[in-house]
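> Take a look at target_15.txt, compact mmCIF, C-alpha atoms and all ligand atoms:
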```
# COMPACT_ATOMS: atom_id res chain seq x y z
CA MET A 11 122.90 -7.99 10.78
CA ILE A 12 119.43 -9.49 10.56
CA SER A 13 119.41 -13.25 10.03
CA GLU A 14 117.54 -14.42 6.93
CA GLU A 15 115.72 -16.78 9.26
CA HIS A 16 113.98 -13.78 10.85
CA THR A 17 111.55 -13.38 7.96
CA LYS A 18 111.50 -17.09 7.27
CA TYR A 19 110.24 -18.08 10.72
CA LEU A 20 108.60 -15.01 12.25
CA ILE A 21 105.16 -13.81 11.22
CA GLY A 22 105.49 -10.41 9.63
CA ASN A 23 103.14 -8.45 11.90
CA TYR A 24 105.89 -5.98 12.85
CA ALA A 25 107.78 -3.68 10.50
CA PRO A 26 110.92 -5.46 9.25
CA PRO A 27 113.67 -4.71 11.80
CA THR A 28 116.91 -3.03 10.76
CA ILE A 29 119.11 -4.11 13.66
CA GLU A 30 119.47 -7.21 15.80
CA ILE A 31 119.78 -6.42 19.51
CA VAL A 32 121.77 -8.82 21.66
CA ARG A 33 122.84 -7.08 24.89
CA GLY A 34 121.92 -4.23 27.21
CA LEU A 35 123.37 -2.48 30.24
CA GLY A 36 121.93 0.64 31.86
CA THR A 37 121.01 3.05 29.04
CA LYS A 38 123.14 1.17 26.48
CA LEU A 39 122.21 -1.50 23.96
CA TRP A 40 124.48 -3.40 21.56
CA ASP A 41 123.59 -5.00 18.26
CA SER A 42 125.03 -8.23 16.85
CA ASP A 43 127.64 -6.24 14.89
CA GLY A 44 128.93 -4.79 18.17
CA LYS A 45 127.55 -1.28 17.53
CA GLU A 46 126.57 0.59 20.70
CA TYR A 47 123.36 2.59 21.08
CA LEU A 48 121.88 4.96 23.62
CA ASP A 49 118.51 3.39 24.31
CA PHE A 50 115.93 6.20 24.40
CA ALA A 51 113.17 3.71 23.56
CA SER A 52 113.44 1.53 26.71
CA GLY A 53 111.63 -1.30 24.94
CA ILE A 54 108.72 1.16 24.53
CA ALA A 55 108.64 2.47 28.11
CA VAL A 56 109.40 -0.88 29.76
CA THR A 57 112.97 -0.88 31.07
CA ASN A 58 112.42 2.13 33.34
CA ILE A 59 115.28 1.09 35.65
CA GLY A 60 117.59 0.46 32.69
CA HIS A 61 118.94 -2.83 31.37
CA GLY A 62 120.56 -5.33 33.70
CA HIS A 63 120.10 -3.40 36.94
CA PRO A 64 122.04 -5.43 39.56
CA ALA A 65 119.22 -5.23 42.15
CA TRP A 66 116.72 -6.57 39.58
CA ILE A 67 119.07 -9.33 38.42
CA ASP A 68 119.78 -10.43 42.01
CA ARG A 69 116.10 -10.56 42.95
CA VAL A 70 114.95 -12.33 39.75
CA THR A 71 117.87 -14.79 39.87
CA GLU A 72 117.19 -15.62 43.50
CA GLN A 73 113.45 -16.02 42.97
CA SER A 74 113.97 -18.23 39.91
CA THR A 75 115.94 -20.66 42.07
CA VAL A 76 113.26 -20.70 44.77
CA LEU A 77 109.97 -20.70 42.81
CA ALA A 78 109.17 -19.38 39.31
CA HIS A 79 105.50 -20.31 38.94
CA ALA A 80 102.80 -21.87 41.05
CA SER A 81 99.46 -20.50 39.65
CA ASN A 82 96.71 -18.56 41.34
CA LEU A 83 95.42 -21.71 43.03
CA TYR A 84 97.71 -20.62 45.89
CA SER A 85 98.62 -17.48 47.77
CA ILE A 86 101.94 -16.10 46.51
CA PRO A 87 103.87 -13.98 49.06
CA GLU A 88 105.64 -11.89 46.37
CA GLN A 89 102.22 -11.13 44.82
CA VAL A 90 100.68 -10.07 48.13
CA ARG A 91 103.69 -7.86 48.84
CA LEU A 92 103.46 -6.21 45.43
CA ALA A 93 99.69 -5.68 45.67
CA LYS A 94 100.15 -4.01 49.08
CA ARG A 95 102.86 -1.72 47.70
CA LEU A 96 100.64 -0.72 44.75
CA VAL A 97 97.67 -0.01 47.04
CA GLU A 98 99.93 2.12 49.26
CA ARG A 99 101.00 4.12 46.21
CA ILE A 100 97.61 4.45 44.49
CA GLY A 101 94.98 4.42 47.22
CA PRO A 102 92.61 2.16 49.18
CA GLY A 103 91.54 -0.74 47.00
CA LYS A 104 92.76 -4.10 45.69
CA VAL A 105 94.85 -5.44 42.83
CA LEU A 106 94.59 -8.20 40.24
CA PHE A 107 97.54 -9.33 38.14
CA CYS A 108 97.85 -10.28 34.48
CA ASN A 109 100.59 -10.29 31.84
CA SER A 110 100.36 -7.23 29.58
CA GLY A 111 98.86 -3.81 29.05
CA ALA A 112 96.10 -5.05 26.79
CA GLU A 113 95.17 -7.67 29.35
CA ALA A 114 95.08 -5.08 32.16
CA ASN A 115 92.74 -2.95 30.04
CA GLU A 116 90.70 -6.01 29.15
CA ALA A 117 90.23 -6.65 32.87
CA MET A 118 89.29 -2.98 33.37
CA ILE A 119 86.65 -3.20 30.61
CA LYS A 120 85.32 -6.42 32.12
CA LEU A 121 85.17 -4.72 35.53
CA SER A 122 82.99 -1.98 34.05
CA ARG A 123 80.68 -4.57 32.40
CA LEU A 124 80.40 -6.55 35.62
CA VAL A 125 79.62 -3.43 37.66
CA ALA A 126 76.79 -2.73 35.17
CA HIS A 127 75.39 -6.26 35.35
CA GLN A 128 75.51 -6.27 39.14
CA SER A 129 73.66 -2.93 39.29
CA GLU A 130 69.99 -2.09 38.96
CA GLU A 131 70.70 -0.55 35.54
CA PRO A 132 72.42 -3.37 33.63
CA GLU A 133 71.65 -1.64 30.32
CA ARG A 134 74.13 1.12 31.24
CA LEU A 135 77.10 -0.60 29.58
CA GLU A 136 78.78 2.01 27.41
CA ILE A 137 82.34 3.20 27.89
CA LEU A 138 83.49 6.59 26.61
CA VAL A 139 87.04 6.67 25.27
CA ALA A 140 89.23 9.28 23.60
CA GLU A 141 89.51 9.38 19.81
CA ASN A 142 93.31 9.37 19.68
CA ALA A 143 93.79 6.73 22.38
CA PHE A 144 95.63 3.41 22.21
CA HIS A 145 94.56 0.73 24.65
CA GLY A 146 95.98 -2.47 23.11
CA ARG A 147 95.39 -5.20 20.54
CA THR A 148 93.08 -7.72 22.20
CA MET A 149 89.51 -7.50 20.95
CA GLY A 150 88.20 -5.57 23.97
CA ALA A 151 91.15 -3.18 24.20
CA LEU A 152 91.04 -2.74 20.43
CA SER A 153 87.34 -1.88 20.61
CA ALA A 154 88.33 0.94 22.98
CA THR A 155 90.87 2.18 20.42
CA ALA A 156 89.29 4.41 17.78
CA SER A 157 92.03 4.58 15.15
CA SER A 158 91.15 2.64 11.99
CA LYS A 159 94.88 1.90 11.60
CA TYR A 160 94.57 -0.66 14.41
CA ARG A 161 90.93 -1.74 13.90
CA LYS A 162 90.92 -2.39 10.17
CA GLY A 163 90.40 -6.03 9.30
CA PHE A 164 89.27 -7.11 12.76
CA GLU A 165 85.66 -5.99 12.71
CA PRO A 166 83.15 -6.65 14.09
CA LEU A 167 84.57 -5.33 17.33
CA LEU A 168 82.88 -5.17 20.71
CA PRO A 169 79.84 -2.88 20.83
CA GLY A 170 79.41 -0.33 23.61
CA PHE A 171 82.22 2.20 23.04
CA ARG A 172 81.69 5.88 22.25
CA PHE A 173 84.45 8.23 21.18
CA ALA A 174 85.02 11.81 22.37
CA THR A 175 87.83 14.33 21.94
CA PHE A 176 90.83 14.08 24.29
CA ASN A 177 91.44 17.12 26.50
CA GLN A 178 87.96 18.49 25.78
CA ALA A 179 85.68 17.78 28.71
CA GLU A 180 82.80 19.36 26.81
CA SER A 181 83.11 16.71 24.09
CA PHE A 182 82.82 13.96 26.74
CA ARG A 183 79.86 15.74 28.31
CA GLU A 184 78.13 15.85 24.91
CA THR A 185 78.91 12.17 24.23
CA VAL A 186 77.59 10.80 27.56
CA THR A 187 74.18 9.14 27.24
CA GLU A 188 71.83 7.51 29.73
CA LEU A 189 73.53 4.23 28.71
CA SER A 190 77.03 5.32 29.75
CA ARG A 191 78.80 3.47 32.54
CA ALA A 192 82.44 4.60 32.41
CA ILE A 193 85.07 6.90 30.95
CA MET A 194 88.44 5.37 30.05
CA LEU A 195 91.53 7.52 29.41
CA GLU A 196 95.32 7.63 29.22
CA SER A 197 96.79 10.44 31.35
CA ILE A 198 99.37 10.90 28.58
CA GLN A 199 98.55 9.41 25.21
CA GLY A 200 101.66 7.48 24.21
CA GLU A 201 101.09 5.82 20.83
CA GLY A 202 98.82 8.76 19.97
CA GLY A 203 101.90 11.03 19.94
CA ILE A 204 102.55 12.09 23.59
CA HIS A 205 99.55 14.27 24.35
CA THR A 206 99.26 15.15 28.03
CA ALA A 207 95.82 15.37 29.62
CA SER A 208 95.63 18.74 31.32
CA ASP A 209 94.96 18.69 35.06
CA GLU A 210 91.85 20.77 34.40
CA PHE A 211 90.56 18.22 31.86
CA LEU A 212 91.13 15.33 34.27
CA ARG A 213 89.35 17.18 37.08
CA ASP A 214 86.43 18.05 34.78
CA ILE A 215 86.20 14.38 33.77
CA GLU A 216 86.27 13.36 37.44
CA ASN A 217 83.39 15.77 38.11
CA LEU A 218 81.47 14.48 35.09
CA CYS A 219 81.93 10.91 36.35
CA ALA A 220 80.67 11.89 39.81
CA GLU A 221 77.68 13.73 38.34
CA LYS A 222 76.63 10.95 35.91
CA LYS A 223 77.67 8.08 38.20
CA LEU A 224 80.35 6.79 35.83
CA LEU A 225 83.47 4.78 36.62
CA LEU A 226 86.69 6.62 35.90
CA LEU A 227 89.10 4.12 34.30
CA LEU A 228 92.72 5.13 33.73
CA ASP A 229 95.13 3.40 31.38
CA GLU A 230 98.56 4.04 32.90
CA VAL A 231 100.22 1.28 30.90
CA GLN A 232 102.72 3.61 29.20
CA ALA A 233 102.70 6.68 31.48
CA GLY A 234 102.98 4.68 34.70
CA ILE A 235 105.77 3.47 36.99
CA GLY A 236 107.61 6.73 37.46
CA ARG A 237 107.94 7.72 33.81
CA THR A 238 106.22 11.12 34.08
CA GLY A 239 107.83 12.13 37.38
CA GLU A 240 104.86 10.74 39.35
CA PHE A 241 104.35 7.06 40.16
CA LEU A 242 101.35 7.20 37.81
CA GLY A 243 100.77 9.99 35.31
CA PHE A 244 97.34 11.07 36.62
CA GLN A 245 98.65 11.60 40.16
CA ALA A 246 99.84 15.11 39.31
CA SER A 247 96.17 16.14 38.98
CA GLY A 248 94.98 14.72 42.32
CA ILE A 249 91.96 12.94 40.79
CA ARG A 250 90.69 9.66 42.27
CA PRO A 251 89.96 6.99 39.66
CA SER A 252 87.78 3.88 40.03
CA ALA A 253 90.41 1.63 38.42
CA VAL A 254 93.91 1.87 36.95
CA ALA A 255 95.58 -0.43 34.41
CA MET A 256 99.38 -0.85 34.57
CA ALA A 257 101.99 -2.95 32.75
CA LYS A 258 105.17 -2.09 30.75
CA GLY A 259 107.55 -0.58 33.35
CA LEU A 260 106.04 -2.58 36.22
CA GLY A 261 108.12 -5.72 35.66
CA GLY A 262 111.21 -3.88 34.42
CA GLY A 263 111.36 -6.21 31.39
CA PHE A 264 109.55 -9.19 32.83
CA PRO A 265 105.97 -9.36 31.44
CA LEU A 266 103.49 -8.27 34.11
CA GLY A 267 100.25 -6.29 34.09
CA ALA A 268 98.09 -5.17 36.98
CA LEU A 269 94.67 -3.71 37.58
CA TRP A 270 94.13 -1.62 40.71
CA VAL A 271 90.47 -1.23 41.67
CA SER A 272 89.20 1.30 44.21
CA GLU A 273 87.52 0.09 47.42
CA GLU A 274 84.09 0.88 46.01
CA PHE A 275 84.45 -1.69 43.21
CA ALA A 276 87.08 -4.02 44.71
CA GLU A 277 84.58 -6.83 45.41
CA THR A 278 83.11 -6.82 41.88
CA PHE A 279 85.21 -9.75 40.65
CA GLN A 280 84.33 -12.88 42.61
CA PRO A 281 85.82 -16.40 42.44
CA GLY A 282 85.56 -17.67 38.88
CA SER A 283 84.69 -14.33 37.26
CA HIS A 284 88.12 -13.59 35.78
CA GLY A 285 91.60 -15.07 35.77
CA THR A 286 94.79 -16.01 33.96
CA THR A 287 97.33 -18.78 34.47
CA PHE A 288 100.48 -16.67 34.49
CA GLY A 289 99.20 -13.44 36.06
CA GLY A 290 101.24 -12.41 39.08
CA SER A 291 103.65 -15.35 39.10
CA PRO A 292 106.29 -15.37 41.87
CA LEU A 293 108.98 -14.58 39.30
CA ALA A 294 107.06 -11.70 37.66
CA CYS A 295 106.15 -10.18 41.03
CA SER A 296 109.72 -10.49 42.32
CA ALA A 297 110.82 -8.53 39.23
CA ALA A 298 108.22 -5.83 39.95
CA ASN A 299 109.13 -5.68 43.63
CA ALA A 300 112.74 -5.14 42.55
CA VAL A 301 111.61 -2.31 40.23
CA LEU A 302 109.78 -0.62 43.13
CA ASP A 303 112.84 -1.11 45.37
CA VAL A 304 115.03 0.64 42.80
CA LEU A 305 112.51 3.48 42.30
CA GLU A 306 112.59 4.02 46.06
CA THR A 307 116.28 3.54 46.87
CA GLU A 308 117.48 5.64 43.93
CA ASN A 309 114.78 8.28 44.37
CA LEU A 310 113.99 7.82 40.70
CA ILE A 311 110.60 9.51 40.60
CA GLU A 312 111.97 12.81 41.91
CA LYS A 313 115.03 12.41 39.71
CA THR A 314 112.79 11.90 36.66
CA ARG A 315 111.14 15.26 37.33
CA GLU A 316 114.54 16.99 37.42
CA GLN A 317 116.03 15.12 34.46
CA GLY A 318 112.81 15.57 32.49
CA SER A 319 112.67 19.31 32.95
CA TYR A 320 116.38 19.64 32.06
CA PHE A 321 115.94 17.52 28.91
CA GLN A 322 112.72 19.26 27.94
CA SER A 323 114.27 22.73 28.30
CA LYS A 324 117.18 21.69 26.04
CA LEU A 325 114.75 20.23 23.49
CA GLU A 326 112.77 23.50 23.54
CA LYS A 327 116.00 25.30 22.60
CA LEU A 328 116.44 22.94 19.64
CA LYS A 329 112.86 23.66 18.61
CA THR A 330 113.67 27.38 18.56
CA ARG A 331 116.78 26.69 16.47
CA PHE A 332 115.10 24.36 13.99
CA PRO A 333 111.55 25.70 13.55
CA SER A 334 111.23 24.35 10.03
CA GLN A 335 111.69 20.82 11.36
CA VAL A 336 110.35 20.81 14.90
CA SER A 337 106.79 21.94 15.53
CA GLU A 338 106.47 21.18 19.23
CA ILE A 339 108.06 19.49 22.26
CA ARG A 340 105.44 17.52 24.19
CA GLY A 341 105.18 15.43 27.33
CA ARG A 342 106.14 15.26 30.96
CA GLY A 343 109.06 13.80 32.93
CA LEU A 344 110.92 11.35 30.69
CA MET A 345 107.90 10.67 28.47
CA LEU A 346 108.69 13.25 25.80
CA ALA A 347 108.26 13.75 22.09
CA ILE A 348 109.68 15.94 19.40
CA ALA A 349 106.72 16.62 17.10
CA MET A 350 108.21 17.06 13.64
CA GLN A 351 106.85 19.28 10.86
CA ASN A 352 107.22 16.35 8.43
CA ASP A 353 107.45 12.55 8.52
CA PRO A 354 109.86 11.73 11.40
CA SER A 355 111.08 8.43 9.83
CA PRO A 356 114.23 9.88 8.15
CA ALA A 357 115.28 11.57 11.43
CA ILE A 358 114.63 8.37 13.41
CA LYS A 359 116.78 6.41 10.93
CA ALA A 360 119.55 9.02 11.04
CA MET A 361 119.55 8.99 14.85
CA ARG A 362 119.79 5.20 14.86
CA GLU A 363 122.77 5.38 12.52
CA GLU A 364 124.35 7.91 14.90
CA GLY A 365 123.73 5.52 17.83
CA LEU A 366 120.50 6.83 19.38
CA LEU A 367 117.35 4.70 19.49
CA VAL A 368 114.01 6.56 19.67
CA VAL A 369 110.43 5.52 18.85
CA ALA A 370 107.93 6.87 16.33
CA ALA A 371 104.39 7.73 17.39
CA ALA A 372 101.30 9.15 15.74
CA GLY A 373 101.15 12.88 15.03
CA ARG A 374 104.63 12.93 13.38
CA ALA A 375 106.11 12.41 16.83
CA LEU A 376 109.53 11.11 17.67
CA ARG A 377 109.25 9.68 21.18
CA LEU A 378 112.07 9.96 23.71
CA LEU A 379 111.68 7.42 26.51
CA PRO A 380 115.08 6.92 28.17
CA PRO A 381 115.33 4.77 31.29
CA LEU A 382 114.66 6.79 34.44
CA THR A 383 118.20 5.91 35.51
CA VAL A 384 119.64 7.88 32.56
CA SER A 385 122.56 10.14 33.50
CA ARG A 386 122.89 13.84 32.69
CA LYS A 387 125.89 12.91 30.52
CA GLU A 388 123.76 10.46 28.49
CA LEU A 389 121.02 13.07 28.07
CA ASP A 390 123.68 15.47 26.77
CA GLU A 391 125.07 12.82 24.41
CA ALA A 392 121.57 12.23 23.02
CA LEU A 393 121.07 15.99 22.61
CA VAL A 394 124.28 16.21 20.57
CA ILE A 395 123.01 13.47 18.23
CA ILE A 396 119.54 15.03 17.95
CA GLU A 397 121.08 18.42 17.17
CA ARG A 398 123.43 16.91 14.57
CA VAL A 399 120.56 15.08 12.83
CA LEU A 400 118.31 18.16 12.86
CA SER A 401 121.10 20.35 11.49
CA LYS A 402 121.77 17.92 8.62
CA SER A 403 118.19 17.33 7.48
C1 LIG B 1 98.51 3.24 26.90
C2 LIG B 1 98.66 1.82 26.47
N1 LIG B 1 97.73 0.93 26.80
C3 LIG B 1 97.83 -0.36 26.46
C4 LIG B 1 98.89 -0.82 25.71
C5 LIG B 1 98.99 -2.26 25.33
O1 LIG B 1 99.97 -2.86 26.11
P1 LIG B 1 100.61 -4.27 25.66
O2 LIG B 1 101.36 -4.01 24.40
O3 LIG B 1 101.46 -4.67 26.82
O4 LIG B 1 99.47 -5.20 25.46
C6 LIG B 1 99.89 0.08 25.32
C7 LIG B 1 101.02 -0.38 24.50
O5 LIG B 1 101.71 0.38 23.88
C8 LIG B 1 99.77 1.43 25.71
O6 LIG B 1 100.71 2.33 25.36
```
Mind turning this structure into structure tokens?
Ligand SMILES: Cc1ncc(COP(=O)(O)O)c(C=O)c1O


Amino acid sequence: MISEEHTKYLIGNYAPPTIEIVRGLGTKLWDSDGKEYLDFASGIAVTNIGHGHPAWIDRVTEQSTVLAHASNLYSIPEQVRLAKRLVERIGPGKVLFCNSGAEANEAMIKLSRLVAHQSEEPERLEILVAENAFHGRTMGALSATASSKYRKGFEPLLPGFRFATFNQAESFRETVTELSRAIMLESIQGEGGIHTASDEFLRDIENLCAEKKLLLLLDEVQAGIGRTGEFLGFQASGIRPSAVAMAKGLGGGFPLGALWVSEEFAETFQPGSHGTTFGGSPLACSAANAVLDVLETENLIEKTREQGSYFQSKLEKLKTRFPSQVSEIRGRGLMLAIAMQNDPSPAIKAMREEGLLVVAAAGRALRLLPPLTVSRKELDEALVIIERVLSKS
């Protein structure tokens, strides 16, 4: 039951909630009435190693007794260790830490601006972004997000963004001007409804960036940290970006964002040019190091590929059985969506009542984002609920 104090004391910027969540373990969540749910939302692609993973709890508990916060006035061993692990996974370069996806993108946009100002063509400031993208709610990240649904009421936004069509390299080629400096993309659009960038599109964009001397900026905030069956979503295509923004799954539930910058641009930020008090605290980085430990010890990235293709093939069968309701199954790994023929809200509500939590997205999509630790049995249980809801509606 939702306390009356919820609406009394909390600003109403989110849709009014229908359940109050109080506990989690693995793929399960419980509400304050004791009802159990299969969590196929994962806090919107955050709890990739599930709730209450013992290795995460041990590490975070231990670190909280030793040192929670010290600031970036000092070197933090957990931060250095995490940065090294990210560089080893992404490529030669360096890392800066922050607290959220929007902040990681904000840093990426600022990197692009700074590269322009430090160059001999400081007027080349523009960033090309995809029309259906979502990059966050801060003013910079919002300026990179085309949808009027998010922008309305906050204008004037930052100048210097141009919009092109996702998955159409030709559209980006036509939109580039002599003032362009960068292209910024999600490898899989999450809020936009789970649209996967084709490998061909990403390689064409990489070539366009090389040809026009543009930075290639990737927003891996939702698709990152193992979710697609790669550490980062773009890695399936083999392209080499200039910078990558990460957050969500990185801290496993502890707020943490990161920006990886390739060697070429790794010295762009200099002392005093950018920063944040909390970014990369010992506690946040210990949580992220625990997430990486679990990904490695439980072989979760490979497992996500297997589980994802199993789940996707079963969902495809449901699409064949319910063509008047399901238009398409989209995504990769365990970042999947059932695109519905009509408004998905009634199905999402019915699934919740049956004990399965999923997330809506644009394009009439019903997103399925289970933890990467999900078992085959839990996938099957979710499939039973999905089938039951589709057969009733
Ligand atoms: C691709 C992408 N970028 C950025 C963001 C913003 O992240 P945050 O909500 O942590 O600011 C999101 C959040 O959904 C996202 O999906």

> Residues up to 10 Å from ligand LIG 1 (chain B), counting all atoms listed in the file: could you list those as a PDB file with C-alpha atoms, in the coordinates of the input?


```
ATOM      1  CA  ILE A  54     108.720   1.160  24.530  1.00  0.00           C
ATOM      2  CA  ALA A  55     108.640   2.470  28.110  1.00  0.00           C
ATOM      3  CA  VAL A  56     109.400  -0.880  29.760  1.00  0.00           C
ATOM      4  CA  ASN A 109     100.590 -10.290  31.840  1.00  0.00           C
ATOM      5  CA  SER A 110     100.360  -7.230  29.580  1.00  0.00           C
ATOM      6  CA  GLY A 111      98.860  -3.810  29.050  1.00  0.00           C
ATOM      7  CA  ALA A 112      96.100  -5.050  26.790  1.00  0.00           C
ATOM      8  CA  GLU A 113      95.170  -7.670  29.350  1.00  0.00           C
ATOM      9  CA  ALA A 114      95.080  -5.080  32.160  1.00  0.00           C
ATOM     10  CA  ASN A 115      92.740  -2.950  30.040  1.00  0.00           C
ATOM     11  CA  GLU A 116      90.700  -6.010  29.150  1.00  0.00           C
ATOM     12  CA  ALA A 143      93.790   6.730  22.380  1.00  0.00           C
ATOM     13  CA  PHE A 144      95.630   3.410  22.210  1.00  0.00           C
ATOM     14  CA  HIS A 145      94.560   0.730  24.650  1.00  0.00           C
ATOM     15  CA  GLY A 146      95.980  -2.470  23.110  1.00  0.00           C
ATOM     16  CA  ARG A 147      95.390  -5.200  20.540  1.00  0.00           C
ATOM     17  CA  THR A 148      93.080  -7.720  22.200  1.00  0.00           C
ATOM     18  CA  ALA A 151      91.150  -3.180  24.200  1.00  0.00           C
ATOM     19  CA  LEU A 152      91.040  -2.740  20.430  1.00  0.00           C
ATOM     20  CA  THR A 155      90.870   2.180  20.420  1.00  0.00           C
ATOM     21  CA  LEU A 195      91.530   7.520  29.410  1.00  0.00           C
ATOM     22  CA  GLU A 196      95.320   7.630  29.220  1.00  0.00           C
ATOM     23  CA  SER A 197      96.790  10.440  31.350  1.00  0.00           C
ATOM     24  CA  ILE A 198      99.370  10.900  28.580  1.00  0.00           C
ATOM     25  CA  GLN A 199      98.550   9.410  25.210  1.00  0.00           C
ATOM     26  CA  GLY A 200     101.660   7.480  24.210  1.00  0.00           C
ATOM     27  CA  GLU A 201     101.090   5.820  20.830  1.00  0.00           C
ATOM     28  CA  GLY A 202      98.820   8.760  19.970  1.00  0.00           C
ATOM     29  CA  LEU A 228      92.720   5.130  33.730  1.00  0.00           C
ATOM     30  CA  ASP A 229      95.130   3.400  31.380  1.00  0.00           C
ATOM     31  CA  GLU A 230      98.560   4.040  32.900  1.00  0.00           C
ATOM     32  CA  VAL A 231     100.220   1.280  30.900  1.00  0.00           C
ATOM     33  CA  GLN A 232     102.720   3.610  29.200  1.00  0.00           C
ATOM     34  CA  ALA A 233     102.700   6.680  31.480  1.00  0.00           C
ATOM     35  CA  GLY A 234     102.980   4.680  34.700  1.00  0.00           C
ATOM     36  CA  ALA A 255      95.580  -0.430  34.410  1.00  0.00           C
ATOM     37  CA  MET A 256      99.380  -0.850  34.570  1.00  0.00           C
ATOM     38  CA  ALA A 257     101.990  -2.950  32.750  1.00  0.00           C
ATOM     39  CA  LYS A 258     105.170  -2.090  30.750  1.00  0.00           C
ATOM     40  CA  GLY A 259     107.550  -0.580  33.350  1.00  0.00           C
ATOM     41  CA  PRO A 265     105.970  -9.360  31.440  1.00  0.00           C
ATOM     42  CA  LEU A 266     103.490  -8.270  34.110  1.00  0.00           C
ATOM     43  CA  GLY A 267     100.250  -6.290  34.090  1.00  0.00           C
TER      44      GLY A 267
END
```

> Report, as lines of an AutoDock Vina configuration file, the axis-aligned box around all atoms of range 280-284 of chain A present in the file, extended by 6 Å on each side; give centre and edge lengths in Å to one decimal place.


```
center_x = 86.2
center_y = -15.3
center_z = 39.2
size_x = 15.8
size_y = 16.8
size_z = 18.8
```

> Ranking A:Met194, A:Ala370, A:Val399, A:Leu302 by minimum distance to Glu98 in chain A and counting all atoms listed in the file, which one comes first?

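Between A:Met194, A:Ala370, A:Val399, A:Leu302, the residue approaching Glu98 in chain A most closely is A:Leu302.
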
> Provide the CA of Gly150 in chain A to CA of Leu168 in chain A distance in Å, to one decimal place.

6.3 Å

> Could you work out how far CA of Asp353 in chain A lies from CA of Tyr320 in chain A, giving the answer in Å with one decimal?

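These atoms are spaced 26.2 Å apart.
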
> For CA of Lys327 in chain A and CA of Gly341 in chain A, determine how far apart the two atoms are, in Å to one decimal place.

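About the pair CA of Lys327 in chain A and CA of Gly341 in chain A: they are 15.4 Å apart.
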
> Which residue out of A:Ile204, A:Val394, A:Ala298, A:Val97 has the minimum interatomic distance to Ile339 in chain A when only C-alpha atoms are used?

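Result for the nearest residue to Ile339 in chain A: A:Ile204.
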
> Tell me which protein, DNA and RNA residues are within 6 Å of Pro381 in chain A, counting only C-alpha atoms, leaving out same-chain ones fewer than 5 positions away, and put them as a list in words.

Ser52, Asn58, Ile59 and Gly60 of chain A

> Point out the residue among A:Tyr160, A:Gly236, A:Ser296, A:Ile193 with the least atom-to-atom distance to Gly318 in chain A, counting only C-alpha atoms.

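Checking each candidate against Gly318 in chain A, we get A:Gly236 as the closest.
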